[in-house]
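entry.cif, holding mmCIF, C-alpha atoms:
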data_run
loop_
_atom_site.label_atom_id
_atom_site.label_comp_id
_atom_site.auth_asym_id
_atom_site.auth_seq_id
_atom_site.Cartn_x
_atom_site.Cartn_y
_atom_site.Cartn_z
CA MET I 1 -0.46 5.36 7.90
CA THR I 2 -2.91 2.55 8.69
CA ILE I 3 -4.11 -0.67 7.10
CA ASP I 4 -3.78 -0.97 3.34
CA ARG I 5 -7.03 -0.45 1.46
CA ARG I 6 -7.11 -0.85 -2.32
CA GLY I 7 -10.85 -1.50 -2.58
CA LEU I 8 -12.60 0.37 -5.38
CA LEU I 9 -14.59 3.42 -4.36
CA THR I 10 -16.50 3.38 -7.61
CA GLY I 11 -17.59 -0.24 -7.57
CA VAL I 12 -15.91 -0.88 -10.92
CA SER I 13 -16.38 -4.47 -12.09
CA THR I 14 -13.32 -6.63 -12.58
CA THR I 15 -14.75 -8.16 -15.73
CA LEU I 16 -13.96 -7.73 -19.41
CA ALA I 17 -15.23 -4.16 -19.45
CA ALA I 18 -12.80 -3.01 -16.75
CA GLY I 19 -9.93 -4.94 -18.25
CA ALA I 20 -10.53 -3.57 -21.73
CA ALA I 21 -10.53 -0.03 -20.36
CA PHE I 22 -6.95 -0.51 -19.14
CA HIS I 23 -5.66 -2.79 -21.88
CA ALA I 24 -7.49 -1.84 -25.05
CA GLY I 25 -5.85 -3.64 -27.92
CA ALA I 26 -3.03 -4.96 -25.74
CA GLN I 27 -4.33 -8.44 -25.00
CA VAL I 28 -6.49 -11.24 -26.29
CA LEU I 29 -9.90 -10.49 -24.81
CA PRO I 30 -12.09 -13.22 -23.31
CA PRO I 31 -15.75 -13.80 -24.10
CA ALA I 32 -18.05 -11.22 -22.57
CA GLY I 33 -19.14 -11.98 -19.02
CA TYR I 34 -16.13 -13.92 -17.78
CA ALA I 35 -14.32 -12.67 -14.71
CA THR I 36 -10.62 -12.43 -15.58
CA PRO I 37 -7.52 -12.09 -13.42
CA ALA I 38 -5.79 -8.69 -13.73
CA GLY I 39 -9.10 -7.03 -14.60
CA THR I 40 -8.16 -3.87 -12.70
CA SER I 41 -4.38 -3.93 -13.06
CA PRO I 42 -3.06 -0.53 -14.18
CA PHE I 43 -0.41 -1.82 -16.61
CA THR I 44 -0.24 -4.23 -19.52
CA PRO I 45 1.09 -7.81 -19.05
CA ASP I 46 4.53 -7.00 -20.47
CA VAL I 47 5.20 -4.73 -17.46
CA TYR I 48 4.66 -7.57 -15.02
CA ARG I 49 6.54 -10.01 -17.25
CA ALA I 50 9.57 -7.69 -17.11
CA ARG I 51 9.32 -7.47 -13.32
CA ARG I 52 9.28 -11.25 -13.00
CA ALA I 53 12.29 -11.46 -15.32
CA LYS I 54 14.13 -8.93 -13.16
CA LEU I 55 13.35 -10.94 -10.04
CA MET I 56 14.57 -14.14 -11.67
CA GLU I 57 17.79 -12.39 -12.71
CA GLN I 58 18.35 -11.59 -9.04
CA LEU I 59 17.59 -15.15 -7.91
CA LYS I 60 19.52 -16.84 -10.75
CA THR I 61 18.74 -20.36 -9.49
CA GLY I 62 16.21 -22.35 -7.50
CA VAL I 63 12.44 -22.25 -7.22
CA ALA I 64 10.41 -19.40 -5.71
CA VAL I 65 6.75 -19.57 -4.68
CA ILE I 66 4.70 -16.40 -4.05
CA TYR I 67 1.22 -16.74 -2.60
CA GLY I 68 -1.52 -14.25 -3.35
CA ALA I 69 -4.05 -13.31 -0.68
CA ASN I 70 -7.02 -15.48 0.18
CA ALA I 71 -10.57 -14.20 0.34
CA VAL I 72 -11.72 -13.07 3.78
CA GLU I 73 -14.56 -15.22 5.08
CA SER I 74 -17.43 -13.42 6.79
CA SER I 75 -20.98 -14.19 7.84
CA ALA I 76 -21.95 -10.54 7.46
CA PRO I 77 -24.65 -9.67 4.87
CA VAL I 78 -22.09 -7.60 2.96
CA SER I 79 -18.93 -9.42 1.88
CA PRO I 80 -15.65 -7.76 2.93
CA PRO I 81 -13.59 -6.42 0.01
CA PHE I 82 -10.65 -8.44 -1.29
CA TYR I 83 -7.14 -6.94 -1.01
CA GLN I 84 -4.33 -8.58 -2.91
CA ASN I 85 -0.90 -9.27 -1.45
CA GLY I 86 1.38 -6.42 -2.57
CA ASP I 87 4.26 -8.63 -3.76
CA PHE I 88 1.89 -10.79 -5.78
CA ALA I 89 0.14 -7.76 -7.31
CA TRP I 90 3.49 -6.16 -8.22
CA LEU I 91 4.65 -9.33 -10.01
CA THR I 92 1.42 -10.28 -11.76
CA GLY I 93 -1.02 -7.37 -11.86
CA ILE I 94 -3.68 -9.77 -10.59
CA VAL I 95 -5.67 -7.94 -7.94
CA ASP I 96 -9.04 -9.71 -8.10
CA GLU I 97 -8.32 -13.46 -7.89
CA PRO I 98 -8.23 -14.86 -4.32
CA GLY I 99 -6.06 -17.89 -3.68
CA ALA I 100 -3.75 -17.46 -6.68
CA ILE I 101 -0.10 -18.63 -6.52
CA LEU I 102 2.95 -17.75 -8.64
CA VAL I 103 5.86 -20.18 -9.15
CA LEU I 104 9.17 -19.05 -10.69
CA ALA I 105 12.08 -21.29 -11.73
CA PRO I 106 14.89 -19.26 -13.38
CA THR I 107 17.03 -22.24 -14.50
CA GLU I 108 14.31 -24.13 -16.32
CA ARG I 109 15.03 -24.34 -20.05
CA THR I 110 11.70 -23.28 -21.56
CA VAL I 111 8.89 -22.60 -19.10
CA LYS I 112 10.10 -20.53 -16.15
CA GLU I 113 6.83 -19.22 -14.66
CA TRP I 114 3.51 -20.71 -13.65
CA LEU I 115 0.32 -19.10 -12.37
CA LEU I 116 -1.88 -21.42 -10.31
CA LEU I 117 -5.54 -20.55 -9.81
CA PRO I 118 -8.18 -22.21 -7.63
CA SER I 119 -10.54 -24.63 -9.36
CA ARG I 120 -13.76 -23.24 -10.73
CA ASP I 121 -17.00 -23.71 -8.82
CA THR I 122 -19.87 -23.49 -11.29
CA GLU I 123 -22.48 -23.34 -8.54
CA THR I 124 -20.77 -20.37 -6.90
CA GLU I 125 -20.26 -18.71 -10.28
CA ARG I 126 -24.02 -18.77 -10.86
CA TRP I 127 -24.37 -16.46 -7.86
CA ASN I 128 -21.24 -14.35 -8.21
CA GLN I 129 -19.49 -14.24 -11.57
CA GLU I 130 -18.29 -16.65 -14.20
CA ARG I 131 -14.53 -17.21 -14.40
CA MET I 132 -12.44 -18.00 -17.44
CA PRO I 133 -11.45 -21.61 -18.14
CA LEU I 134 -7.82 -22.64 -18.42
CA GLY I 135 -6.26 -22.33 -21.85
CA SER I 136 -4.13 -20.19 -24.15
CA MET I 137 -6.59 -17.31 -24.01
CA LEU I 138 -6.20 -17.02 -20.25
CA GLU I 139 -2.40 -17.36 -20.51
CA GLN I 140 -2.26 -14.52 -23.02
CA ARG I 141 -4.61 -12.46 -20.89
CA VAL I 142 -2.46 -12.65 -17.77
CA GLY I 143 0.89 -12.85 -19.59
CA VAL I 144 2.23 -15.82 -17.61
CA GLN I 145 3.72 -18.75 -19.55
CA ARG I 146 1.57 -21.46 -17.98
CA VAL I 147 -1.67 -21.34 -16.01
CA MET I 148 -2.65 -24.35 -13.90
CA ARG I 149 -4.86 -25.18 -10.94
CA THR I 150 -3.59 -24.86 -7.36
CA SER I 151 -4.13 -28.58 -6.84
CA ALA I 152 -0.97 -29.11 -8.96
CA LEU I 153 1.22 -26.97 -6.67
CA GLY I 154 2.86 -29.72 -4.60
CA GLY I 155 3.79 -31.90 -7.56
CA LEU I 156 5.05 -28.96 -9.62
CA VAL I 157 7.32 -27.54 -6.90
CA THR I 158 8.63 -30.98 -5.96
CA THR I 159 9.54 -31.70 -9.58
CA LEU I 160 11.27 -28.35 -10.02
CA ALA I 161 13.09 -28.67 -6.68
CA SER I 162 14.37 -32.13 -7.58
CA ARG I 163 16.28 -30.50 -10.43
CA SER I 164 17.42 -27.25 -8.81
CA LYS I 165 17.89 -28.47 -5.19
CA GLU I 166 17.05 -24.93 -4.00
CA LEU I 167 13.91 -23.31 -2.61
CA ARG I 168 14.10 -19.51 -2.49
CA TYR I 169 12.12 -17.84 0.31
CA LEU I 170 11.04 -14.27 -0.53
CA GLY I 171 9.21 -13.57 2.72
CA PRO I 172 7.65 -12.31 4.78
CA ILE I 173 9.44 -12.88 8.09
CA GLY I 174 6.88 -13.54 10.82
CA SER I 175 7.22 -13.44 14.58
CA ALA I 176 7.92 -16.57 16.59
CA ASN I 177 4.31 -16.58 17.80
CA ALA I 178 2.79 -16.21 14.31
CA PRO I 179 1.62 -19.20 12.26
CA VAL I 180 4.19 -20.62 9.85
CA SER I 181 3.68 -19.01 6.44
CA PRO I 182 2.14 -21.20 3.71
CA VAL I 183 5.33 -20.91 1.65
CA LEU I 184 7.60 -22.16 4.43
CA GLU I 185 5.13 -24.91 5.24
CA LEU I 186 5.22 -25.99 1.59
CA TYR I 187 9.02 -25.76 1.44
CA GLY I 188 9.33 -27.94 4.53
CA LYS I 189 7.23 -30.67 2.97
CA VAL I 190 9.15 -30.52 -0.32
CA ALA I 191 12.55 -30.54 1.41
CA GLN I 192 11.55 -33.70 3.30
CA ARG I 193 10.93 -35.41 -0.02
CA VAL I 194 13.87 -34.07 -2.07
CA PRO I 195 17.24 -35.13 -0.59
CA GLY I 196 19.79 -32.31 -0.55
CA CYS I 197 17.21 -29.58 -1.18
CA ALA I 198 17.98 -26.38 0.74
CA VAL I 199 15.88 -23.33 1.63
CA ARG I 200 17.62 -20.00 1.00
CA ASP I 201 16.74 -16.66 2.56
CA ASP I 202 15.93 -14.06 -0.11
CA THR I 203 13.58 -11.92 1.96
CA GLY I 204 15.40 -8.72 0.98
CA VAL I 205 15.11 -9.13 -2.79
CA LEU I 206 11.53 -8.00 -3.44
CA PRO I 207 11.67 -5.06 -1.01
CA ARG I 208 14.76 -3.77 -2.84
CA LEU I 209 13.07 -4.13 -6.22
CA ARG I 210 9.76 -2.58 -5.12
CA CYS I 211 11.28 0.23 -3.08
CA VAL I 212 12.62 2.16 -6.10
CA LYS I 213 9.60 3.30 -8.07
CA GLU I 214 9.32 3.05 -11.83
CA PRO I 215 8.23 6.25 -13.67
CA ARG I 216 4.83 4.69 -14.43
CA GLU I 217 4.39 3.91 -10.73
CA LEU I 218 5.20 7.49 -9.82
CA GLU I 219 2.62 8.66 -12.36
CA MET I 220 -0.02 6.60 -10.55
CA MET I 221 1.10 7.96 -7.19
CA ARG I 222 0.92 11.55 -8.44
CA LYS I 223 -2.65 10.91 -9.59
CA ALA I 224 -3.42 9.45 -6.18
CA MET I 225 -1.94 12.58 -4.64
CA ASP I 226 -4.17 14.79 -6.80
CA ALA I 227 -7.22 12.99 -5.45
CA THR I 228 -5.87 13.04 -1.90
CA ARG I 229 -5.24 16.77 -2.10
CA ALA I 230 -8.83 17.37 -3.17
CA GLY I 231 -10.12 15.39 -0.19
CA HIS I 232 -8.04 17.29 2.37
CA LEU I 233 -9.00 20.66 0.88
CA ALA I 234 -12.69 19.72 0.96
CA ALA I 235 -12.38 18.77 4.63
CA MET I 236 -10.76 22.06 5.58
CA GLN I 237 -13.38 23.99 3.63
CA GLN I 238 -16.40 22.24 5.12
CA ALA I 239 -15.35 21.37 8.68
CA ARG I 240 -17.43 23.03 11.40
CA PRO I 241 -18.23 22.59 15.10
CA GLY I 242 -21.15 20.24 15.68
CA MET I 243 -20.34 18.09 12.64
CA PRO I 244 -20.15 14.31 13.16
CA GLU I 245 -16.69 12.95 12.40
CA SER I 246 -18.36 10.45 10.07
CA GLU I 247 -19.82 13.27 7.98
CA LEU I 248 -16.39 14.82 7.55
CA ARG I 249 -15.01 11.44 6.53
CA PHE I 250 -17.77 11.14 3.93
CA ILE I 251 -16.87 14.58 2.56
CA VAL I 252 -13.21 13.59 2.25
CA GLU I 253 -13.81 10.27 0.53
CA SER I 254 -16.42 11.72 -1.84
CA ALA I 255 -13.89 14.34 -2.90
CA PHE I 256 -11.35 11.57 -3.53
CA ARG I 257 -13.77 9.95 -5.96
CA ARG I 258 -14.65 13.17 -7.77
CA ALA I 259 -10.96 13.96 -8.25
CA GLY I 260 -10.17 10.61 -9.86
CA GLY I 261 -9.37 8.38 -6.91
CA THR I 262 -10.32 4.76 -7.56
CA GLY I 263 -9.88 3.49 -4.01
CA LEU I 264 -8.84 4.17 -0.44
CA ALA I 265 -5.19 3.66 0.44
CA TYR I 266 -6.31 2.78 4.00
CA ASP I 267 -9.18 3.34 6.40
CA SER I 268 -9.53 7.11 6.78
CA ILE I 269 -8.83 8.52 10.25
CA VAL I 270 -10.93 11.52 11.26
CA GLY I 271 -10.49 12.33 14.93
CA ALA I 272 -11.41 15.50 16.79
CA GLY I 273 -10.07 16.54 20.19
CA ARG I 274 -9.25 13.58 22.43
CA ASN I 275 -9.98 11.10 19.61
CA ALA I 276 -7.07 12.50 17.62
CA ALA I 277 -4.67 11.20 20.28
CA SER I 278 -5.57 7.59 19.41
CA LEU I 279 -3.20 6.70 16.58
CA HIS I 280 -5.41 4.24 14.72
CA TYR I 281 -8.78 5.80 15.55
CA ALA I 282 -10.87 4.86 12.49
CA THR I 283 -14.43 4.55 13.82
CA ALA I 284 -15.33 8.26 13.37
CA THR I 285 -18.15 7.99 15.91
CA GLY I 286 -17.50 11.29 17.68
CA THR I 287 -18.57 14.86 17.11
CA VAL I 288 -16.41 17.87 16.27
CA HIS I 289 -16.58 20.50 19.03
CA GLY I 290 -15.59 24.14 18.86
CA GLY I 291 -12.04 24.83 20.03
CA GLU I 292 -10.87 21.33 19.11
CA LEU I 293 -8.24 20.31 16.63
CA ILE I 294 -9.24 17.83 13.90
CA LEU I 295 -6.68 15.25 12.80
CA LEU I 296 -7.31 13.94 9.28
CA ASP I 297 -5.15 11.03 8.10
CA ALA I 298 -6.55 9.94 4.72
CA GLY I 299 -5.26 8.95 1.32
CA ALA I 300 -6.73 7.97 -2.02
CA SER I 301 -5.33 5.31 -4.32
CA VAL I 302 -5.19 5.11 -8.11
CA GLY I 303 -4.48 1.84 -9.90
CA GLY I 304 -3.79 0.29 -6.50
CA TYR I 305 -1.02 2.81 -5.71
CA ALA I 306 -1.39 4.50 -2.34
CA CYS I 307 -0.99 7.99 -1.00
CA ASP I 308 -0.61 8.91 2.69
CA VAL I 309 -1.14 12.44 4.05
CA THR I 310 -2.13 13.79 7.47
CA ARG I 311 -3.18 17.29 8.42
CA THR I 312 -4.32 18.75 11.73
CA PHE I 313 -6.48 21.86 11.67
CA PRO I 314 -8.79 23.84 14.01
CA ALA I 315 -12.53 23.15 13.95
CA ARG I 316 -13.27 26.88 14.00
CA GLY I 317 -10.63 27.75 11.44
CA LYS I 318 -8.24 29.46 13.84
CA PHE I 319 -5.62 27.96 16.18
CA THR I 320 -5.54 29.01 19.82
CA PRO I 321 -2.15 30.38 20.95
CA GLU I 322 -1.35 27.11 22.75
CA GLN I 323 -2.40 24.99 19.74
CA LYS I 324 -0.25 27.13 17.46
CA VAL I 325 2.83 26.61 19.64
CA LEU I 326 2.38 22.85 19.64
CA TYR I 327 1.59 22.68 15.91
CA ASP I 328 4.64 24.78 15.04
CA LEU I 329 6.76 22.45 17.17
CA VAL I 330 5.58 19.43 15.14
CA LEU I 331 6.29 21.30 11.91
CA GLU I 332 9.76 22.20 13.19
CA ALA I 333 10.43 18.53 13.90
CA GLN I 334 9.34 17.57 10.40
CA THR I 335 11.48 20.31 8.86
CA ALA I 336 14.53 19.12 10.82
CA ALA I 337 14.05 15.56 9.55
CA VAL I 338 13.38 16.56 5.93
CA SER I 339 16.53 18.69 5.87
CA LYS I 340 18.49 15.42 6.10
CA LEU I 341 16.33 13.45 3.64
CA ARG I 342 18.21 12.39 0.50
CA ALA I 343 19.49 9.23 -1.14
CA GLY I 344 21.91 7.44 1.19
CA ALA I 345 20.43 8.88 4.39
CA TYR I 346 19.30 6.58 7.20
CA LEU I 347 15.77 6.81 8.54
CA GLU I 348 17.04 6.45 12.10
CA ASP I 349 19.15 9.62 11.65
CA LEU I 350 16.12 11.51 10.35
CA SER I 351 14.11 10.24 13.30
CA GLU I 352 16.77 11.43 15.74
CA ALA I 353 16.66 14.89 14.14
CA ALA I 354 12.90 15.09 14.77
CA LYS I 355 13.23 13.70 18.30
CA ALA I 356 15.89 16.28 19.14
CA VAL I 357 13.33 19.04 18.52
CA PHE I 358 10.77 17.39 20.80
CA ARG I 359 13.40 16.55 23.42
CA LYS I 360 14.57 20.17 23.59
CA ALA I 361 10.96 21.30 24.10
CA GLY I 362 10.35 18.68 26.82
CA ARG I 363 7.76 16.85 24.68
CA ILE I 364 9.63 13.70 23.67
CA ASP I 365 7.26 11.39 25.57
CA GLU I 366 4.34 12.63 23.45
CA PHE I 367 5.96 11.39 20.21
CA THR I 368 4.92 7.74 20.33
CA HIS I 369 5.47 6.26 16.84
CA GLY I 370 8.00 6.04 14.05
CA LEU I 371 8.90 8.97 11.82
CA GLY I 372 8.03 7.47 8.44
CA HIS I 373 7.65 4.52 6.11
CA TYR I 374 7.85 3.65 2.42
CA VAL I 375 4.71 3.99 0.29
CA GLY I 376 3.71 2.34 -3.00
CA LEU I 377 1.31 -0.47 -3.82
CA ASP I 378 1.00 -0.89 -0.06
CA VAL I 379 0.58 2.15 2.15
CA HIS I 380 3.36 0.57 4.24
CA ASP I 381 5.44 -0.59 1.30
CA PRO I 382 8.27 -3.08 1.89
CA GLY I 383 11.74 -1.68 2.42
CA ASP I 384 14.55 -2.25 4.87
CA THR I 385 14.58 0.90 6.99
CA SER I 386 17.89 -0.17 8.55
CA GLN I 387 19.55 0.40 5.17
CA PRO I 388 20.25 3.71 3.38
CA ILE I 389 17.21 5.24 1.71
CA PRO I 390 17.52 4.78 -2.09
CA ALA I 391 16.88 7.42 -4.74
CA GLY I 392 13.51 6.86 -6.41
CA SER I 393 11.78 5.68 -3.27
CA VAL I 394 8.70 7.38 -1.81
CA ILE I 395 8.59 7.85 1.94
CA THR I 396 6.49 9.66 4.54
CA MET I 397 7.72 12.11 7.16
CA GLU I 398 5.11 12.20 9.95
CA PRO I 399 6.12 13.47 13.39
CA GLY I 400 3.36 14.04 15.91
CA LEU I 401 2.45 14.85 19.50
CA TYR I 402 -0.35 13.07 21.37
CA LEU I 403 -1.75 13.72 24.82
CA GLN I 404 -5.21 12.34 25.61
CA SER I 405 -5.41 14.08 28.97
CA ALA I 406 -5.06 17.43 27.20
CA ASN I 407 -7.51 16.44 24.42
CA TYR I 408 -5.20 16.77 21.46
CA GLY I 409 -3.33 14.82 18.85
CA ILE I 410 -1.25 16.69 16.27
CA ARG I 411 0.38 15.00 13.30
CA ILE I 412 1.79 16.46 10.08
CA GLU I 413 2.46 13.84 7.41
CA ASP I 414 3.79 14.53 3.95
CA LEU I 415 4.85 12.30 1.07
CA TYR I 416 8.36 12.69 -0.38
CA LEU I 417 10.08 11.36 -3.49
CA VAL I 418 13.73 10.82 -2.55
CA THR I 419 16.37 12.12 -4.98
CA GLU I 420 20.16 12.03 -5.06
CA THR I 421 20.40 15.56 -3.66
CA GLY I 422 17.28 15.85 -1.51
CA ALA I 423 13.58 15.16 -1.75
CA GLU I 424 10.52 16.38 -3.63
CA ARG I 425 7.41 16.92 -1.52
CA LEU I 426 4.63 15.27 -3.49
CA SER I 427 1.93 16.53 -1.13
CA THR I 428 2.29 20.19 -2.06
CA GLY I 429 -0.91 22.18 -2.31
CA VAL I 430 -2.33 20.92 0.99
CA PRO I 431 -2.03 23.82 3.46
CA ARG I 432 0.61 22.97 6.05
CA THR I 433 1.68 25.98 8.12
CA THR I 434 -0.73 27.54 10.61
CA GLN I 435 -0.91 30.67 8.45
CA GLU I 436 -1.71 28.64 5.30
CA ILE I 437 -4.37 26.62 7.12
CA GLU I 438 -6.08 29.60 8.72
CA SER I 439 -6.00 31.56 5.47
CA PHE I 440 -7.47 28.69 3.47
CA MET I 441 -10.19 27.90 6.01
CA ALA I 442 -11.17 31.56 6.19
CA ARG I 443 -11.99 31.43 2.48
CA GLY I 444 -14.08 28.27 2.92
#
Starting from the coordinates I provided, produce the structure as structure tokens.
Amino acid sequence: MTIDRRGLLTGVSTTLAAGAAFHAGAQVLPPAGYATPAGTSPFTPDVYRARRAKLMEQLKTGVAVIYGANAVESSAPVSPPFYQNGDFAWLTGIVDEPGAILVLAPTERTVKEWLLLPSRDTETERWNQERMPLGSMLEQRVGVQRVMRTSALGGLVTTLASRSKELRYLGPIGSANAPVSPVLELYGKVAQRVPGCAVRDDTGVLPRLRCVKEPRELEMMRKAMDATRAGHLAAMQQARPGMPESELRFIVESAFRRAGGTGLAYDSIVGAGRNAASLHYATATGTVHGGELILLDAGASVGGYACDVTRTFPARGKFTPEQKVLYDLVLEAQTAAVSKLRAGAYLEDLSEAAKAVFRKAGRIDEFTHGLGHYVGLDVHDPGDTSQPIPAGSVITMEPGLYLQSANYGIRIEDLYLVTETGAERLSTGVPRTTQEIESFMARG
């Protein structure tokens, strides 16, 4: 439920070797040693080409610019990992090229898509890794019609806008106090130079397209769930009083890797006792004490696709009577919400169903966050939660109770694939009831 993390657990290189593993025979391969965009993308270029075509069918006219993420600057001795913007990754498959930009122009006669990459720095490449030069080989590799340098962005968009007179803004919407997004800043400059050019709001288009998962995306998410399941089971088997929270986190993430996980969907949360009542507690600096509940919110990723599961279980393997009452109340709230989960349902109605359970028990003030969110390439995938939930989407149901003064935080979070008639729980196999948890931990 926390910050998106698609960094590789295995340290796989994003060079030719990694790319060939995913795309054997599917693309023109570059000379050995070059770093290539889309080196770790899970699908072949035609998949992303079809997604861009679908987006352009929705837009019909105008010019759309989508910025990828920039590298995070740090003075630390270890460079922070790079995480690609989800929209950009979904449209291009490029997950390892900071500063890249995509330009789409549906009404252009021949060339309708451009990928712009930062200029090469040969001095930097001597220390890090050599990048491919511009040319047909790179265009075939990434599957985009034209590849240019980012220095050409202003002239390209101005030229295209002078013909279409429309700039299509795909998002995101920021708060009034946030910096103006690079796309809107660019559009403002172009509009000042192209008389009659208008900016149109299309911020709902990509969330609608990304919300409904393709079968190949669901396959990736099921693999991520397999790895996630292994991590949660390992934690329940090996948890014990006196264990540092950080050791339990290491056990979980090692199990992810052994079970096929290629990354973390987000920073794992392992909190025991009072620490479990802090929603985004990710430092894992405490120690597990006997009699405490352990809250584990952790998910693996595969091919960049996330998984998100939370379990709460007793350090000694058995709930106290009071803990069992509270845990069963959280499970009752989740069950009430899931009973209403199907295509066409509204998340706010599901949330009210869960809140009604807590309100009746006099615990409503201890439920301090939302009920759920969409999951996909991002652990918090885009989707308009004010609209009906569509079939084919994947969403979490995660009610919880938190009370620091009583030293507990209890959350149960499961992943559901929404269908026309109901929902499939993808996170089966991870003990969920108190009886299942105690039985499993007793065998550990």
Report task. Pick out the residues sitting within 8 Å of segment 371-387 of chain I, and hand them over as JSON, numbers by chain; count all atoms listed in the file, and ignore anything fewer than 3 positions along from it in its own chain. Result -> {"I": [1, 2, 3, 4, 86, 90, 204, 206, 207, 208, 210, 211, 213, 217, 221, 265, 266, 304, 305, 306, 307, 308, 346, 347, 348, 350, 351, 354, 393, 394, 395, 396, 397, 398, 399]}
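With only C-alpha atoms as the atoms that count, the minimum distance from Val199 of chain I to the choices I:Thr61, I:Thr335, I:Ser136, I:Asn85 is reached by I:Thr61.
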Written as an mmCIF file with C-alpha atoms, keeping the file's coordinate frame, what is the full residue list that the PyMOL selection byres ((chain I and resi 97-114) around 8) yields on the file shown?
data_model
loop_
_atom_site.group_PDB
_atom_site.id
_atom_site.type_symbol
_atom_site.label_atom_id
_atom_site.label_comp_id
_atom_site.auth_asym_id
_atom_site.auth_seq_id
_atom_site.Cartn_x
_atom_site.Cartn_y
_atom_site.Cartn_z
ATOM 1 C CA PRO I 37 -7.520 -12.090 -13.420
ATOM 2 C CA ALA I 38 -5.790 -8.690 -13.730
ATOM 3 C CA MET I 56 14.570 -14.140 -11.670
ATOM 4 C CA GLU I 57 17.790 -12.390 -12.710
ATOM 5 C CA LEU I 59 17.590 -15.150 -7.910
ATOM 6 C CA LYS I 60 19.520 -16.840 -10.750
ATOM 7 C CA THR I 61 18.740 -20.360 -9.490
ATOM 8 C CA GLY I 62 16.210 -22.350 -7.500
ATOM 9 C CA VAL I 63 12.440 -22.250 -7.220
ATOM 10 C CA ALA I 64 10.410 -19.400 -5.710
ATOM 11 C CA VAL I 65 6.750 -19.570 -4.680
ATOM 12 C CA ILE I 66 4.700 -16.400 -4.050
ATOM 13 C CA TYR I 67 1.220 -16.740 -2.600
ATOM 14 C CA GLY I 68 -1.520 -14.250 -3.350
ATOM 15 C CA ALA I 69 -4.050 -13.310 -0.680
ATOM 16 C CA ASN I 70 -7.020 -15.480 0.180
ATOM 17 C CA ALA I 71 -10.570 -14.200 0.340
ATOM 18 C CA PHE I 82 -10.650 -8.440 -1.290
ATOM 19 C CA GLN I 84 -4.330 -8.580 -2.910
ATOM 20 C CA PHE I 88 1.890 -10.790 -5.780
ATOM 21 C CA ILE I 94 -3.680 -9.770 -10.590
ATOM 22 C CA VAL I 95 -5.670 -7.940 -7.940
ATOM 23 C CA ASP I 96 -9.040 -9.710 -8.100
ATOM 24 C CA LEU I 115 0.320 -19.100 -12.370
ATOM 25 C CA LEU I 116 -1.880 -21.420 -10.310
ATOM 26 C CA LEU I 117 -5.540 -20.550 -9.810
ATOM 27 C CA PRO I 118 -8.180 -22.210 -7.630
ATOM 28 C CA VAL I 144 2.230 -15.820 -17.610
ATOM 29 C CA GLN I 145 3.720 -18.750 -19.550
ATOM 30 C CA ARG I 146 1.570 -21.460 -17.980
ATOM 31 C CA VAL I 147 -1.670 -21.340 -16.010
ATOM 32 C CA MET I 148 -2.650 -24.350 -13.900
ATOM 33 C CA THR I 150 -3.590 -24.860 -7.360
ATOM 34 C CA VAL I 157 7.320 -27.540 -6.900
ATOM 35 C CA LEU I 160 11.270 -28.350 -10.020
ATOM 36 C CA SER I 164 17.420 -27.250 -8.810
#
Take every atom of segment 208-225 of chain I listed in the file, fit an axis-aligned box around them, add 8 Å per side, and give the centre and edge lengths in Å to one decimal as AutoDock Vina command-line options.
--center_x 5.7 --center_y 4.2 --center_z -8.6 --size_x 34.2 --size_y 32.7 --size_z 27.6
Report task. Between I:Lys360, I:Arg200, I:Arg432, I:Arg316, single out the one closest to Gln334 of chain I, counting all atoms listed in the file. Result -> I:Arg432
Query raised in the report: Where does the PyMOL selection byres ((chain I and resi 192-197) around 6) land in this file, that is, which residues does it pick, as a ChimeraX atom specification?
Result: /I:162,165-166,189-191,198
Any chance you could work out the residue set of the PyMOL selection byres ((chain I and resi 357) around 10) here, as a compact mmCIF listing (two decimals) with C-alpha atoms, keeping the file's coordinate frame?
# COMPACT_ATOMS: atom_id res chain seq x y z
CA LEU I 329 6.76 22.45 17.17
CA VAL I 330 5.58 19.43 15.14
CA LEU I 331 6.29 21.30 11.91
CA GLU I 332 9.76 22.20 13.19
CA ALA I 333 10.43 18.53 13.90
CA GLN I 334 9.34 17.57 10.40
CA THR I 335 11.48 20.31 8.86
CA ALA I 336 14.53 19.12 10.82
CA ALA I 337 14.05 15.56 9.55
CA GLU I 352 16.77 11.43 15.74
CA ALA I 353 16.66 14.89 14.14
CA ALA I 354 12.90 15.09 14.77
CA LYS I 355 13.23 13.70 18.30
CA ALA I 356 15.89 16.28 19.14
CA PHE I 358 10.77 17.39 20.80
CA ARG I 359 13.40 16.55 23.42
CA LYS I 360 14.57 20.17 23.59
CA ALA I 361 10.96 21.30 24.10
CA GLY I 362 10.35 18.68 26.82
CA ARG I 363 7.76 16.85 24.68
CA ILE I 364 9.63 13.70 23.67
Requested in this report: Name all residues at most 7 Å from segment 233-246 of chain I (count all atoms listed in the file; drop same-chain ones fewer than 4 positions away) and give them as a ChimeraX atom specification.
Outcome: /I:229,250-252,255,270-271,284-290,315-316,430,441,444
Query raised in the report: Just how far from atom CA of Leu295 of chain I is atom CA of Gly261 of chain I, in Å to one decimal?
Result: 21.0 Å
Report task. State, in Å with one decimal place, the distance from atom CA of Glu219 of chain I to atom CA of Thr44 of chain I. Result -> 15.0 Å
Query raised in the report: Looking at all atoms listed in the file, which of I:Ala391, I:Leu167, I:Ala230, I:Leu326 is the one that sits closest to Glu185 of chain I?
Result: I:Leu167
Report task. For atom CA of Pro215 of chain I and atom CA of Ala423 of chain I, quote the distance in Å rounded to one decimal. Result -> 15.8 Å
